[in-house]
Amino acid sequence: MRQKLLDLLEKVKKIEKTSREAAVKSHHAANEASGGLVASYSAAGDVEHARNSANLSIGKAEKIKKLMEEIENSIGDDVPETAKPVCFLSVEYGEGDKKDLYLVENPVLVAGFNLISSNSPLGKSLWGKAVGDSFLYTFGEQSFSGKILEIG
């Protein structure tokens, strides 16, 4: 059982539901704003703002849904021998700082969970590594190194 992924999935499902509801409300607000459009610059600006807000909400909901599907498609798989999307990783940086991460292809901000894109410098350095393997990546001018403690 991949309990860490189940915990993440539960949180993402809650976020997806509220995100979807927000997208529907934003879409309705944009429609209402355009329905009362009069020939004024102020009203036209309000309509444009409402449409942009609705588009952002819809885009966020779609990204969250992609992440949810990615987790659902992986949850029944056996725990991988090496790091790959989607998996939980516990890592220790060189200074002894331990971090719990989730390697995914479609990261979004989820409070309490560190989602790492498989295309990021850190994600690329972790992909294919096994427990006990070291990793090294550069971000900007700084280099970071560590070791994989757990894969789940």
# chains A, B, ... in the order shown; residues from 1 in each chain; ligands from 1
$ select_by_dssp --residues "chain A" --states "alpha helix (DSSP H)" --output "JSON, numbers by chain"
{"A": [3, 4, 5, 6, 7, 8, 9, 10, 11, 12, 13, 14, 15, 16, 17, 18, 19, 20, 21, 22, 23, 24, 25, 26, 27, 28, 29, 30, 31, 32, 33, 34, 35, 41, 42, 43, 44, 45, 46, 47, 48, 49, 50, 51, 52, 53, 54, 55, 56, 57, 58, 59, 60, 61, 62, 63, 64, 65, 66, 67, 68, 69, 70, 71, 72, 73, 74, 121, 122, 123, 124, 125, 126]}
$ write_last_selection --atoms "C-alpha atoms" --output "mmCIF file, in the first residue's frame"
data_model
loop_
_atom_site.group_PDB
_atom_site.id
_atom_site.type_symbol
_atom_site.label_atom_id
_atom_site.label_comp_id
_atom_site.auth_asym_id
_atom_site.auth_seq_id
_atom_site.Cartn_x
_atom_site.Cartn_y
_atom_site.Cartn_z
ATOM 1 C CA GLN A 3 -0.092 5.326 2.072
ATOM 2 C CA LYS A 4 1.820 8.549 1.376
ATOM 3 C CA LEU A 5 0.289 8.709 -2.124
ATOM 4 C CA LEU A 6 -3.160 7.970 -0.693
ATOM 5 C CA ASP A 7 -2.746 10.897 1.715
ATOM 6 C CA LEU A 8 -1.719 13.160 -1.158
ATOM 7 C CA LEU A 9 -4.617 11.945 -3.308
ATOM 8 C CA GLU A 10 -7.127 12.660 -0.543
ATOM 9 C CA LYS A 11 -5.848 16.245 -0.232
ATOM 10 C CA VAL A 12 -5.775 16.767 -4.021
ATOM 11 C CA LYS A 13 -9.363 15.494 -4.356
ATOM 12 C CA LYS A 14 -10.522 18.107 -1.826
ATOM 13 C CA ILE A 15 -8.629 20.842 -3.663
ATOM 14 C CA GLU A 16 -9.990 19.665 -7.020
ATOM 15 C CA LYS A 17 -13.572 19.860 -5.741
ATOM 16 C CA THR A 18 -13.224 23.392 -4.369
ATOM 17 C CA SER A 19 -11.264 24.473 -7.445
ATOM 18 C CA ARG A 20 -13.961 23.140 -9.764
ATOM 19 C CA GLU A 21 -16.654 24.941 -7.740
ATOM 20 C CA ALA A 22 -14.659 28.187 -7.885
ATOM 21 C CA ALA A 23 -14.257 27.835 -11.660
ATOM 22 C CA VAL A 24 -18.021 27.404 -12.106
ATOM 23 C CA LYS A 25 -18.732 30.457 -9.914
ATOM 24 C CA SER A 26 -16.170 32.549 -11.806
ATOM 25 C CA HIS A 27 -17.670 31.478 -15.118
ATOM 26 C CA HIS A 28 -21.171 32.456 -13.941
ATOM 27 C CA ALA A 29 -19.876 35.801 -12.665
ATOM 28 C CA ALA A 30 -18.268 36.503 -16.039
ATOM 29 C CA ASN A 31 -21.517 35.672 -17.820
ATOM 30 C CA GLU A 32 -23.500 37.922 -15.483
ATOM 31 C CA ALA A 33 -21.051 40.772 -15.973
ATOM 32 C CA SER A 34 -21.264 40.498 -19.748
ATOM 33 C CA GLY A 35 -25.071 40.272 -19.635
ATOM 34 C CA TYR A 41 -15.303 51.685 -20.311
ATOM 35 C CA SER A 42 -15.697 50.789 -16.649
ATOM 36 C CA ALA A 43 -18.257 48.054 -17.320
ATOM 37 C CA ALA A 44 -16.181 46.692 -20.189
ATOM 38 C CA GLY A 45 -13.179 46.517 -17.855
ATOM 39 C CA ASP A 46 -15.246 44.671 -15.262
ATOM 40 C CA VAL A 47 -16.322 42.142 -17.883
ATOM 41 C CA GLU A 48 -12.747 41.624 -19.060
ATOM 42 C CA HIS A 49 -11.558 41.168 -15.473
ATOM 43 C CA ALA A 50 -14.343 38.641 -14.778
ATOM 44 C CA ARG A 51 -13.474 36.666 -17.917
ATOM 45 C CA ASN A 52 -9.765 36.597 -17.055
ATOM 46 C CA SER A 53 -10.560 35.469 -13.520
ATOM 47 C CA ALA A 54 -12.806 32.704 -14.857
ATOM 48 C CA ASN A 55 -10.106 31.542 -17.291
ATOM 49 C CA LEU A 56 -7.519 31.403 -14.485
ATOM 50 C CA SER A 57 -9.889 29.405 -12.267
ATOM 51 C CA ILE A 58 -10.651 26.963 -15.069
ATOM 52 C CA GLY A 59 -6.938 26.565 -15.856
ATOM 53 C CA LYS A 60 -6.124 25.872 -12.203
ATOM 54 C CA ALA A 61 -8.933 23.308 -11.964
ATOM 55 C CA GLU A 62 -7.622 21.535 -15.082
ATOM 56 C CA LYS A 63 -4.062 21.356 -13.673
ATOM 57 C CA ILE A 64 -5.326 19.934 -10.392
ATOM 58 C CA LYS A 65 -7.430 17.373 -12.251
ATOM 59 C CA LYS A 66 -4.333 16.272 -14.250
ATOM 60 C CA LEU A 67 -2.382 15.789 -11.029
ATOM 61 C CA MET A 68 -5.271 13.857 -9.479
ATOM 62 C CA GLU A 69 -5.445 11.532 -12.494
ATOM 63 C CA GLU A 70 -1.661 11.078 -12.441
ATOM 64 C CA ILE A 71 -1.789 9.969 -8.791
ATOM 65 C CA GLU A 72 -4.830 7.729 -9.349
ATOM 66 C CA ASN A 73 -3.079 5.988 -12.256
ATOM 67 C CA SER A 74 -0.006 5.262 -10.098
ATOM 68 C CA PRO A 121 16.681 20.292 -11.804
ATOM 69 C CA LEU A 122 15.902 18.413 -8.571
ATOM 70 C CA GLY A 123 13.429 16.092 -10.284
ATOM 71 C CA LYS A 124 15.905 15.218 -13.022
ATOM 72 C CA SER A 125 18.618 14.489 -10.445
ATOM 73 C CA LEU A 126 16.304 12.152 -8.478
#
$ select_by_dssp --residues "region 58-89 of chain A" --states "strand (DSSP E or B)" --output "MDAnalysis selection string"
chainID A and resid 82 87:89
$ write_last_selection --atoms "N, CA and C atoms" --output "short mmCIF file (atom, residue, chain, number, x, y, z; two decimals), in the first residue's frame"
data_model
loop_
_atom_site.label_atom_id
_atom_site.label_comp_id
_atom_site.auth_asym_id
_atom_site.auth_seq_id
_atom_site.Cartn_x
_atom_site.Cartn_y
_atom_site.Cartn_z
N THR A 82 13.27 2.45 -8.14
CA THR A 82 13.97 3.72 -8.34
C THR A 82 12.94 4.84 -8.44
N CYS A 87 5.92 9.14 -7.19
CA CYS A 87 6.38 8.43 -6.01
C CYS A 87 6.71 9.41 -4.90
N PHE A 88 6.66 8.88 -3.69
CA PHE A 88 7.06 9.61 -2.49
C PHE A 88 8.55 9.36 -2.29
N LEU A 89 9.27 10.40 -1.89
CA LEU A 89 10.69 10.28 -1.60
C LEU A 89 11.01 10.98 -0.29
#
$ residues_around --residues "Ser143 (chain A)" --least-positions-apart "2" --cutoff "12 Å" --atoms "only C-alpha atoms" --output "number ranges by chain"
A: 93-94, 121-122, 125, 135-141, 145-146
$ write_last_selection --atoms "C-alpha atoms" --output "PDB file, in the first residue's frame"
ATOM      1  CA  TYR A  93      20.589  16.940   2.119  1.00  0.00           C
ATOM      2  CA  GLY A  94      24.308  17.096   2.883  1.00  0.00           C
ATOM      3  CA  PRO A 121      16.681  20.292 -11.804  1.00  0.00           C
ATOM      4  CA  LEU A 122      15.902  18.413  -8.571  1.00  0.00           C
ATOM      5  CA  SER A 125      18.618  14.489 -10.445  1.00  0.00           C
ATOM      6  CA  PHE A 135      21.980  13.052  -6.021  1.00  0.00           C
ATOM      7  CA  LEU A 136      23.393  16.406  -7.071  1.00  0.00           C
ATOM      8  CA  TYR A 137      21.741  19.310  -8.834  1.00  0.00           C
ATOM      9  CA  THR A 138      22.437  22.940  -9.552  1.00  0.00           C
ATOM     10  CA  PHE A 139      19.925  25.742  -9.219  1.00  0.00           C
ATOM     11  CA  GLY A 140      21.174  29.112 -10.337  1.00  0.00           C
ATOM     12  CA  GLU A 141      24.655  29.552  -8.903  1.00  0.00           C
ATOM     13  CA  SER A 145      23.566  17.324  -2.869  1.00  0.00           C
ATOM     14  CA  GLY A 146      21.908  14.647  -0.831  1.00  0.00           C
TER      15      GLY A 146
END
$ atom_distance --atom1 "CA of Pro80 (chain A)" --atom2 "CA of Val108 (chain A)"
22.5 Å
$ closest_residue --among "A:Glu150, A:Ile116, A:Gln142, A:Ala130" --to "Glu81 (chain A)" --atoms "only C-alpha atoms"
A:Ala130
